[in-house]
$ cat target.csv   # CSV, C-alpha atoms
chain,number,residue,atom,x,y,z
A,12,GLU,CA,4.7,-6.3,19.4
A,13,THR,CA,7.0,-4.2,17.2
A,14,GLY,CA,5.9,-3.0,13.8
A,15,VAL,CA,7.8,-2.7,10.6
A,16,THR,CA,11.0,-0.7,10.9
A,17,GLN,CA,12.9,0.7,7.9
A,18,SER,CA,16.3,2.3,7.6
A,19,PRO,CA,17.6,4.8,6.7
A,20,THR,CA,14.7,7.2,6.8
A,21,HIS,CA,16.2,9.6,4.3
A,22,LEU,CA,19.1,9.5,2.0
A,23,ILE,CA,20.5,11.3,-1.0
A,24,LYS,CA,22.5,9.7,-3.8
A,25,THR,CA,23.8,10.7,-7.2
A,26,ARG,CA,22.9,9.2,-10.5
A,27,GLY,CA,24.7,6.0,-11.2
A,28,GLN,CA,25.3,5.1,-7.6
A,29,GLN,CA,23.9,2.1,-5.8
A,30,VAL,CA,21.7,2.0,-2.7
A,31,THR,CA,20.6,-0.5,-0.1
A,32,LEU,CA,17.5,-0.1,2.0
A,33,ARG,CA,16.7,-2.2,5.0
A,34,CYS,CA,13.5,-3.5,6.6
A,35,SER,CA,12.7,-5.5,9.7
A,36,SER,CA,9.3,-7.2,9.6
A,37,GLN,CA,6.7,-7.2,12.2
A,38,SER,CA,7.1,-10.0,14.8
A,39,GLY,CA,5.6,-13.2,13.5
A,40,HIS,CA,5.4,-12.1,9.8
A,41,ASN,CA,7.5,-14.1,7.4
A,42,THR,CA,6.6,-12.4,4.1
A,43,VAL,CA,8.0,-9.1,3.0
A,44,SER,CA,6.9,-6.9,0.1
A,45,TRP,CA,8.5,-3.7,-1.2
A,46,TYR,CA,6.6,-0.8,-2.8
A,47,GLN,CA,7.8,2.4,-4.6
A,48,GLN,CA,5.8,5.5,-4.0
A,49,ALA,CA,6.6,8.5,-6.3
A,50,LEU,CA,5.6,11.9,-5.1
A,51,GLY,CA,1.8,12.4,-5.3
A,52,GLN,CA,1.2,8.9,-6.5
A,53,GLY,CA,0.0,5.6,-5.0
A,54,PRO,CA,2.5,2.9,-4.1
A,55,GLN,CA,3.6,0.5,-6.8
A,56,PHE,CA,4.5,-3.1,-6.1
A,57,ILE,CA,8.2,-3.9,-6.7
A,58,PHE,CA,8.6,-7.5,-5.4
A,59,GLN,CA,7.8,-9.9,-2.6
A,60,TYR,CA,10.0,-12.3,-0.6
A,61,TYR,CA,8.9,-15.5,1.2
A,62,ARG,CA,11.2,-18.2,2.6
A,63,GLU,CA,14.2,-16.1,1.4
A,64,GLU,CA,13.2,-16.2,-2.2
A,65,GLU,CA,11.6,-13.7,-4.5
A,66,ASN,CA,8.2,-15.1,-5.4
A,67,GLY,CA,6.5,-12.2,-7.1
A,68,ARG,CA,7.6,-9.1,-9.0
A,69,GLY,CA,6.0,-6.0,-10.5
A,70,ASN,CA,7.1,-4.1,-13.5
A,71,PHE,CA,10.6,-3.1,-12.3
A,72,PRO,CA,13.9,-3.7,-14.1
A,73,PRO,CA,16.5,-6.2,-12.8
A,74,ARG,CA,18.6,-3.4,-11.3
A,75,PHE,CA,16.0,-3.6,-8.5
A,76,SER,CA,16.9,-6.6,-6.4
A,77,GLY,CA,16.4,-7.8,-2.9
A,78,LEU,CA,17.2,-10.3,-0.2
A,79,GLN,CA,15.4,-11.9,2.7
A,80,PHE,CA,17.3,-13.2,5.7
A,81,PRO,CA,16.4,-16.2,8.0
A,82,ASN,CA,15.0,-13.7,10.6
A,83,TYR,CA,12.6,-12.5,7.8
A,84,SER,CA,14.3,-9.1,7.6
A,85,SER,CA,14.9,-7.8,4.1
A,86,GLU,CA,17.0,-5.5,1.9
A,87,LEU,CA,16.1,-3.7,-1.3
A,88,ASN,CA,19.1,-2.9,-3.6
A,89,VAL,CA,18.9,-0.5,-6.5
A,90,ASN,CA,21.9,-0.3,-8.9
A,91,ALA,CA,22.7,2.4,-11.4
A,92,LEU,CA,20.4,4.9,-9.8
A,93,GLU,CA,18.4,7.1,-12.1
A,94,LEU,CA,16.6,10.4,-11.4
A,95,ASP,CA,13.2,8.7,-11.6
A,96,ASP,CA,14.2,6.4,-8.8
A,97,SER,CA,13.6,9.3,-6.4
A,98,ALA,CA,10.7,8.1,-4.3
A,99,LEU,CA,9.5,6.8,-0.9
A,100,TYR,CA,10.3,3.1,-0.6
A,101,LEU,CA,7.8,1.3,1.6
A,102,CYS,CA,8.4,-2.1,3.1
A,103,ALA,CA,5.4,-4.2,4.2
A,104,SER,CA,5.2,-7.5,6.1
A,105,SER,CA,2.5,-10.1,6.4
A,106,LEU,CA,1.7,-13.6,7.1
A,107,PRO,CA,1.4,-16.0,4.1
A,108,GLY,CA,-2.1,-15.7,2.7
A,109,GLY,CA,-2.5,-18.7,0.6
A,110,TYR,CA,-4.0,-18.0,-2.8
A,111,SER,CA,-6.8,-15.8,-1.5
A,112,GLY,CA,-5.0,-12.4,-1.6
A,113,ALA,CA,-6.6,-11.7,1.8
A,114,ASN,CA,-3.4,-10.6,3.6
A,115,VAL,CA,-3.4,-7.4,5.5
A,116,LEU,CA,0.0,-5.7,5.0
A,117,THR,CA,1.6,-3.9,7.8
A,118,PHE,CA,3.7,-1.0,6.4
A,119,GLY,CA,6.8,0.7,7.7
A,120,ALA,CA,7.2,4.5,7.5
A,121,GLY,CA,9.5,4.2,4.5
A,122,SER,CA,12.9,5.3,3.2
A,123,ARG,CA,12.8,8.5,1.2
A,124,LEU,CA,15.5,8.4,-1.6
A,125,THR,CA,16.5,11.4,-3.5
A,126,VAL,CA,18.6,10.9,-6.6
A,127,LEU,CA,20.5,14.0,-7.8
B,4,ALA,CA,-5.3,-6.1,-15.8
B,5,GLN,CA,-6.4,-4.8,-12.5
B,6,LYS,CA,-6.8,-1.1,-11.9
B,7,VAL,CA,-8.0,1.2,-9.1
B,8,THR,CA,-9.2,4.8,-9.8
B,9,GLN,CA,-9.6,7.5,-7.2
B,10,ALA,CA,-10.9,10.4,-9.2
B,11,GLN,CA,-10.7,12.9,-6.3
B,12,THR,CA,-7.1,13.9,-6.0
B,13,GLU,CA,-7.8,16.4,-3.2
B,14,ILE,CA,-10.8,17.3,-1.0
B,15,SER,CA,-11.0,20.1,1.5
B,16,VAL,CA,-13.8,20.2,4.1
B,17,VAL,CA,-14.5,22.1,7.3
B,18,GLU,CA,-14.5,20.1,10.6
B,19,LYS,CA,-17.7,18.3,11.4
B,20,GLU,CA,-18.7,18.0,7.7
B,21,ASP,CA,-19.3,14.5,6.2
B,22,VAL,CA,-17.0,13.5,3.4
B,23,THR,CA,-17.1,10.6,0.9
B,24,LEU,CA,-14.0,9.3,-0.9
B,25,ASP,CA,-14.7,7.5,-4.1
B,26,CYS,CA,-13.0,4.3,-5.4
B,27,VAL,CA,-13.7,2.5,-8.6
B,28,TYR,CA,-11.8,-0.7,-9.5
B,29,GLU,CA,-11.4,-3.0,-12.5
B,30,THR,CA,-10.7,-6.7,-12.3
B,31,ARG,CA,-11.4,-9.9,-14.2
B,32,ASP,CA,-11.4,-12.1,-11.2
B,33,THR,CA,-14.5,-13.1,-9.3
B,34,THR,CA,-12.5,-13.5,-6.1
B,35,TYR,CA,-10.7,-10.5,-4.8
B,36,TYR,CA,-10.2,-8.2,-1.8
B,37,LEU,CA,-10.5,-4.5,-1.5
B,38,PHE,CA,-8.7,-2.4,1.1
B,39,TRP,CA,-8.5,1.2,2.4
B,40,TYR,CA,-5.3,2.5,3.9
B,41,LYS,CA,-4.6,5.9,5.5
B,42,GLN,CA,-1.2,7.6,5.0
B,43,PRO,CA,-0.6,10.4,7.5
B,44,PRO,CA,2.3,12.8,7.0
B,45,SER,CA,4.6,10.4,8.8
B,46,GLY,CA,4.5,8.2,5.8
B,47,GLU,CA,3.4,4.7,6.9
B,48,LEU,CA,0.3,3.3,5.5
B,49,VAL,CA,-2.3,2.4,8.2
B,50,PHE,CA,-4.8,-0.3,7.5
B,51,LEU,CA,-8.5,0.7,7.8
B,52,ILE,CA,-10.6,-2.0,6.3
B,53,ARG,CA,-10.6,-5.2,4.1
B,54,ARG,CA,-13.6,-6.4,2.2
B,55,ASN,CA,-13.9,-9.6,0.1
B,56,SER,CA,-15.7,-9.7,-3.2
B,57,PHE,CA,-18.5,-11.9,-1.8
B,58,ASP,CA,-19.5,-9.7,1.0
B,59,GLU,CA,-21.4,-6.7,-0.1
B,60,GLN,CA,-22.7,-5.7,3.3
B,61,ASN,CA,-21.9,-2.1,4.2
B,62,GLU,CA,-19.7,-1.7,7.2
B,63,ILE,CA,-19.6,1.0,9.9
B,64,SER,CA,-16.8,1.5,12.4
B,65,GLY,CA,-17.3,4.6,14.6
B,66,ARG,CA,-17.3,7.6,12.3
B,67,TYR,CA,-16.1,5.5,9.3
B,68,SER,CA,-18.4,3.7,6.9
B,69,TRP,CA,-17.8,1.8,3.7
B,70,ASN,CA,-20.2,1.2,0.8
B,71,PHE,CA,-19.3,-1.7,-1.5
B,72,GLN,CA,-21.3,-2.1,-4.7
B,73,LYS,CA,-20.2,-4.8,-6.9
B,74,SER,CA,-22.6,-3.8,-9.7
B,75,THR,CA,-20.8,-0.5,-10.1
B,76,SER,CA,-17.3,-1.8,-9.1
B,77,SER,CA,-17.1,0.8,-6.4
B,78,PHE,CA,-15.9,0.8,-2.8
B,79,ASN,CA,-16.5,4.2,-1.3
B,80,PHE,CA,-15.5,5.5,2.1
B,81,THR,CA,-17.4,8.0,4.2
B,82,ILE,CA,-16.2,9.9,7.2
B,83,THR,CA,-18.9,11.3,9.3
B,84,ALA,CA,-18.4,14.5,11.3
B,85,SER,CA,-14.8,14.9,10.1
B,86,GLN,CA,-12.0,16.0,12.4
B,87,VAL,CA,-8.7,17.7,11.8
B,88,VAL,CA,-6.9,14.4,12.7
B,89,ASP,CA,-8.6,12.8,9.7
B,90,SER,CA,-6.3,14.9,7.4
B,91,ALA,CA,-4.2,12.5,5.4
B,92,VAL,CA,-3.9,10.8,2.1
B,93,TYR,CA,-6.3,7.9,1.7
B,94,PHE,CA,-5.6,5.0,-0.6
B,95,CYS,CA,-8.0,2.3,-2.0
B,96,ALA,CA,-6.3,-0.9,-3.1
B,97,LEU,CA,-7.2,-4.2,-4.8
B,98,SER,CA,-5.8,-7.6,-4.2
B,99,GLU,CA,-6.2,-10.6,-6.4
B,100,PRO,CA,-5.2,-14.3,-5.7
B,101,TYR,CA,-1.5,-14.2,-6.5
B,102,ASN,CA,0.6,-17.0,-5.1
B,103,ASN,CA,0.9,-19.1,-2.0
B,104,ALA,CA,2.8,-16.6,0.0
B,105,GLY,CA,0.9,-13.4,0.0
B,106,ASN,CA,-0.7,-10.8,-2.1
B,107,MET,CA,0.2,-7.9,-4.4
B,108,LEU,CA,-1.8,-4.8,-3.9
B,109,THR,CA,-2.8,-2.5,-6.7
B,110,PHE,CA,-3.3,1.0,-5.3
B,111,GLY,CA,-5.2,3.9,-6.6
B,112,GLY,CA,-3.6,7.3,-6.9
B,113,GLY,CA,-4.9,8.4,-3.5
B,114,THR,CA,-7.2,11.2,-2.3
B,115,ARG,CA,-5.7,13.9,-0.1
B,116,LEU,CA,-8.2,15.0,2.5
B,117,MET,CA,-7.7,18.3,4.3
B,118,VAL,CA,-10.0,19.0,7.3
B,119,LYS,CA,-9.9,22.6,8.4
B,120,PRO,CA,-10.9,23.7,11.9

$ encode --input "target.csv" --output "structure tokens"
Amino acid sequence: ETGVTQSPTHLIKTRGQQVTLRCSSQSGHNTVSWYQQALGQGPQFIFQYYREEENGRGNFPPRFSGLQFPNYSSELNVNALELDDSALYLCASSLPGGYSGANVLTFGAGSRLTVL
Amino acid sequence: AQKVTQAQTEISVVEKEDVTLDCVYETRDTTYYLFWYKQPPSGELVFLIRRNSFDEQNEISGRYSWNFQKSTSSFNFTITASQVVDSAVYFCALSEPYNNAGNMLTFGGGTRLMVKP
């Protein structure tokens, strides 16, 4: 079975620009989450998509948005880029876990965004 | 609010030494899950273990072992006879019941382990 794949692996943008990051979930997984990992820190939850709808969001502004497609793949869009948006963006897929929080997330290798 | 603290930012050991990575968490829920993930230089987080809040039995998997103590809100990870391939950043994470589609992980800041030959 294929794992989680993300593209692009690296990209450089300038402040004020917009960026789209893409993620293909692991086969059989229908839930996708996105995390931001700043250098030297732990990942922080951005949001989660299930059945093509956002159903959970962390402490990130509305300029962070996403999509999930019928094949469960997903996009993360960031508008009006700021210097602090420079980070590794990790996508993770999972099966629905009910209310237990027991899901094991399978992560991709990430997209490293540098904002100049 | 939930919080995970990994006080050791960096640990350096010589191959074959044992090493313990500490994790302390805070939560108001009685039902929750704890995880350890490994992040090698390639970037992806690799799942190591999941433990639910009702199971305090220690677990051993090869050279890896985990000690869960609810009384001290700790979930420590020990690598026995460390190897150079164990060099990575290790994250402890906490998950609480969130919604009917999945879970949100709260990660600690990570511990960078360097194993020298």

$ closest_residue --input "target.csv" --among "B:Ser98, B:Val17, B:Glu47, B:Thr33" --to "Thr16 in chain A" --atoms "all atoms listed in the file"
B:Glu47

$ interface_residues --input "target.csv" --of "chain B" --to "chain A" --cutoff "12 Å" --atoms "all atoms listed in the file" --output "number ranges by chain"
B: 6-9, 12-13, 32-56, 92-115

$ residues_around --input "target.csv" --residues "Lys19 in chain B" --least-positions-apart "3" --cutoff "12 Å" --atoms "only C-alpha atoms" --output "number ranges by chain"
B: 16, 22, 66, 82-89, 118-120

$ atom_distance --input "target.csv" --atom1 "CA of Gly39 in chain A" --atom2 "CA of Gln17 in chain A"
16.7 Å

$ residues_around --input "target.csv" --residues "Thr25 in chain A" --least-positions-apart "4" --cutoff "8 Å" --atoms "only C-alpha atoms" --output "PDB file with C-alpha atoms, in the coordinates of the input"
ATOM      1  CA  LEU A  92      20.400   4.900  -9.800  1.00  0.00           C
ATOM      2  CA  VAL A 126      18.600  10.900  -6.600  1.00  0.00           C
ATOM      3  CA  LEU A 127      20.500  14.000  -7.800  1.00  0.00           C
TER       4      LEU A 127
END

$ atom_distance --input "target.csv" --atom1 "CA of Phe71 in chain A" --atom2 "CA of Lys24 in chain A"
19.4 Å

$ residues_near_point --input "target.csv" --point "(21.4, -2.1, -3.5)" --cutoff "9 Å" --atoms "all atoms listed in the file" --output "list in words"
Gln29, Val30, Thr31, Leu32, Arg74, Phe75, Ser76, Gly77, Glu86, Leu87, Asn88, Val89 and Asn90 of chain A

$ atom_distance --input "target.csv" --atom1 "CA of Met117 in chain B" --atom2 "CA of Leu24 in chain B"
12.2 Å

$ closest_residue --input "target.csv" --among "B:Asp58, B:Ala4, B:Ala10, B:Ala91" --to "Phe71 in chain B" --atoms "all atoms listed in the file"
B:Asp58

$ closest_residue --input "target.csv" --among "A:Gln79, A:Gly27, A:Gln37, A:Glu63" --to "Asp95 in chain A" --atoms "only C-alpha atoms"
A:Gly27

$ residues_around --input "target.csv" --residues "Gln72 in chain B" --least-positions-apart "2" --cutoff "10 Å" --atoms "all atoms listed in the file" --output "number ranges by chain"
B: 27, 56, 58-61, 69-70, 74-79

$ axis_aligned_box --input "target.csv" --around "range 31-45 of chain A" --padding-each-side "3 Å" --output "AutoDock Vina command-line options"
--center_x 13.0 --center_y -7.1 --center_z 6.8 --size_x 21.2 --size_y 20.0 --size_z 22.0

$ decode --input "target.csv" --residues "range 77-102 of chain A" --atoms "N, CA, C and O atoms" --output "mmCIF file, in the first residue's frame"
data_model
loop_
_atom_site.group_PDB
_atom_site.id
_atom_site.type_symbol
_atom_site.label_atom_id
_atom_site.label_comp_id
_atom_site.auth_asym_id
_atom_site.auth_seq_id
_atom_site.Cartn_x
_atom_site.Cartn_y
_atom_site.Cartn_z
ATOM 1 N N GLY A 77 -8.280 25.041 3.201
ATOM 2 C CA GLY A 77 -7.993 23.763 2.583
ATOM 3 C C GLY A 77 -9.150 23.227 1.789
ATOM 4 O O GLY A 77 -10.255 23.810 1.748
ATOM 5 N N LEU A 78 -8.868 22.121 1.135
ATOM 6 C CA LEU A 78 -9.878 21.385 0.380
ATOM 7 C C LEU A 78 -9.598 19.905 0.532
ATOM 8 O O LEU A 78 -8.445 19.486 0.695
ATOM 9 N N GLN A 79 -10.673 19.124 0.450
ATOM 10 C CA GLN A 79 -10.497 17.685 0.302
ATOM 11 C C GLN A 79 -11.330 17.258 -0.894
ATOM 12 O O GLN A 79 -12.464 17.711 -1.078
ATOM 13 N N PHE A 80 -10.786 16.377 -1.690
ATOM 14 C CA PHE A 80 -11.428 15.948 -2.923
ATOM 15 C C PHE A 80 -12.074 14.577 -2.743
ATOM 16 O O PHE A 80 -11.786 13.870 -1.772
ATOM 17 N N PRO A 81 -12.956 14.194 -3.683
ATOM 18 C CA PRO A 81 -13.643 12.897 -3.545
ATOM 19 C C PRO A 81 -12.703 11.706 -3.417
ATOM 20 O O PRO A 81 -13.067 10.692 -2.832
ATOM 21 N N ASN A 82 -11.488 11.813 -3.936
ATOM 22 C CA ASN A 82 -10.537 10.698 -3.795
ATOM 23 C C ASN A 82 -9.745 10.804 -2.492
ATOM 24 O O ASN A 82 -8.771 10.066 -2.308
ATOM 25 N N TYR A 83 -10.166 11.699 -1.595
ATOM 26 C CA TYR A 83 -9.584 11.924 -0.269
ATOM 27 C C TYR A 83 -8.276 12.706 -0.279
ATOM 28 O O TYR A 83 -7.748 13.007 0.793
ATOM 29 N N SER A 84 -7.757 13.045 -1.457
ATOM 30 C CA SER A 84 -6.575 13.887 -1.463
ATOM 31 C C SER A 84 -6.954 15.277 -0.961
ATOM 32 O O SER A 84 -8.141 15.608 -0.843
ATOM 33 N N SER A 85 -5.949 16.077 -0.667
ATOM 34 C CA SER A 85 -6.239 17.356 -0.014
ATOM 35 C C SER A 85 -5.253 18.425 -0.456
ATOM 36 O O SER A 85 -4.154 18.135 -0.940
ATOM 37 N N GLU A 86 -5.666 19.662 -0.312
ATOM 38 C CA GLU A 86 -4.812 20.821 -0.535
ATOM 39 C C GLU A 86 -4.828 21.717 0.688
ATOM 40 O O GLU A 86 -5.855 21.835 1.365
ATOM 41 N N LEU A 87 -3.686 22.346 0.928
ATOM 42 C CA LEU A 87 -3.588 23.410 1.931
ATOM 43 C C LEU A 87 -3.227 24.685 1.185
ATOM 44 O O LEU A 87 -2.254 24.707 0.435
ATOM 45 N N ASN A 88 -4.011 25.720 1.372
ATOM 46 C CA ASN A 88 -3.759 27.013 0.747
ATOM 47 C C ASN A 88 -3.438 28.044 1.818
ATOM 48 O O ASN A 88 -4.127 28.104 2.845
ATOM 49 N N VAL A 89 -2.409 28.816 1.570
ATOM 50 C CA VAL A 89 -2.076 29.900 2.487
ATOM 51 C C VAL A 89 -1.983 31.187 1.672
ATOM 52 O O VAL A 89 -1.206 31.268 0.721
ATOM 53 N N ASN A 90 -2.805 32.161 2.042
ATOM 54 C CA ASN A 90 -2.810 33.459 1.356
ATOM 55 C C ASN A 90 -1.985 34.479 2.137
ATOM 56 O O ASN A 90 -1.726 34.306 3.336
ATOM 57 N N ALA A 91 -1.592 35.532 1.443
ATOM 58 C CA ALA A 91 -0.890 36.651 2.080
ATOM 59 C C ALA A 91 0.235 36.155 2.980
ATOM 60 O O ALA A 91 0.253 36.420 4.192
ATOM 61 N N LEU A 92 1.150 35.426 2.395
ATOM 62 C CA LEU A 92 2.214 34.799 3.162
ATOM 63 C C LEU A 92 2.992 35.792 4.017
ATOM 64 O O LEU A 92 3.291 36.918 3.581
ATOM 65 N N GLU A 93 3.330 35.333 5.219
ATOM 66 C CA GLU A 93 4.145 36.117 6.139
ATOM 67 C C GLU A 93 5.437 35.350 6.408
ATOM 68 O O GLU A 93 5.510 34.134 6.206
ATOM 69 N N LEU A 94 6.448 36.075 6.890
ATOM 70 C CA LEU A 94 7.739 35.429 7.149
ATOM 71 C C LEU A 94 7.593 34.256 8.113
ATOM 72 O O LEU A 94 8.252 33.222 7.961
ATOM 73 N N ASP A 95 6.709 34.410 9.109
ATOM 74 C CA ASP A 95 6.516 33.364 10.123
ATOM 75 C C ASP A 95 5.833 32.117 9.581
ATOM 76 O O ASP A 95 5.724 31.116 10.300
ATOM 77 N N ASP A 96 5.364 32.170 8.339
ATOM 78 C CA ASP A 96 4.762 30.983 7.738
ATOM 79 C C ASP A 96 5.828 30.007 7.263
ATOM 80 O O ASP A 96 5.506 28.879 6.865
ATOM 81 N N SER A 97 7.079 30.411 7.288
ATOM 82 C CA SER A 97 8.175 29.505 6.915
ATOM 83 C C SER A 97 8.185 28.323 7.874
ATOM 84 O O SER A 97 8.307 28.490 9.094
ATOM 85 N N ALA A 98 8.035 27.120 7.325
ATOM 86 C CA ALA A 98 7.911 25.929 8.167
ATOM 87 C C ALA A 98 7.836 24.693 7.280
ATOM 88 O O ALA A 98 7.760 24.780 6.058
ATOM 89 N N LEU A 99 7.842 23.536 7.945
ATOM 90 C CA LEU A 99 7.557 22.262 7.294
ATOM 91 C C LEU A 99 6.072 21.989 7.479
ATOM 92 O O LEU A 99 5.574 22.000 8.613
ATOM 93 N N TYR A 100 5.370 21.775 6.389
ATOM 94 C CA TYR A 100 3.939 21.490 6.460
ATOM 95 C C TYR A 100 3.730 20.000 6.242
ATOM 96 O O TYR A 100 4.066 19.460 5.189
ATOM 97 N N LEU A 101 3.166 19.381 7.259
ATOM 98 C CA LEU A 101 2.985 17.942 7.254
ATOM 99 C C LEU A 101 1.525 17.596 7.041
ATOM 100 O O LEU A 101 0.641 18.169 7.673
ATOM 101 N N CYS A 102 1.303 16.645 6.172
ATOM 102 C CA CYS A 102 -0.029 16.105 5.956
ATOM 103 C C CYS A 102 -0.082 14.720 6.601
ATOM 104 O O CYS A 102 0.906 13.970 6.571
#
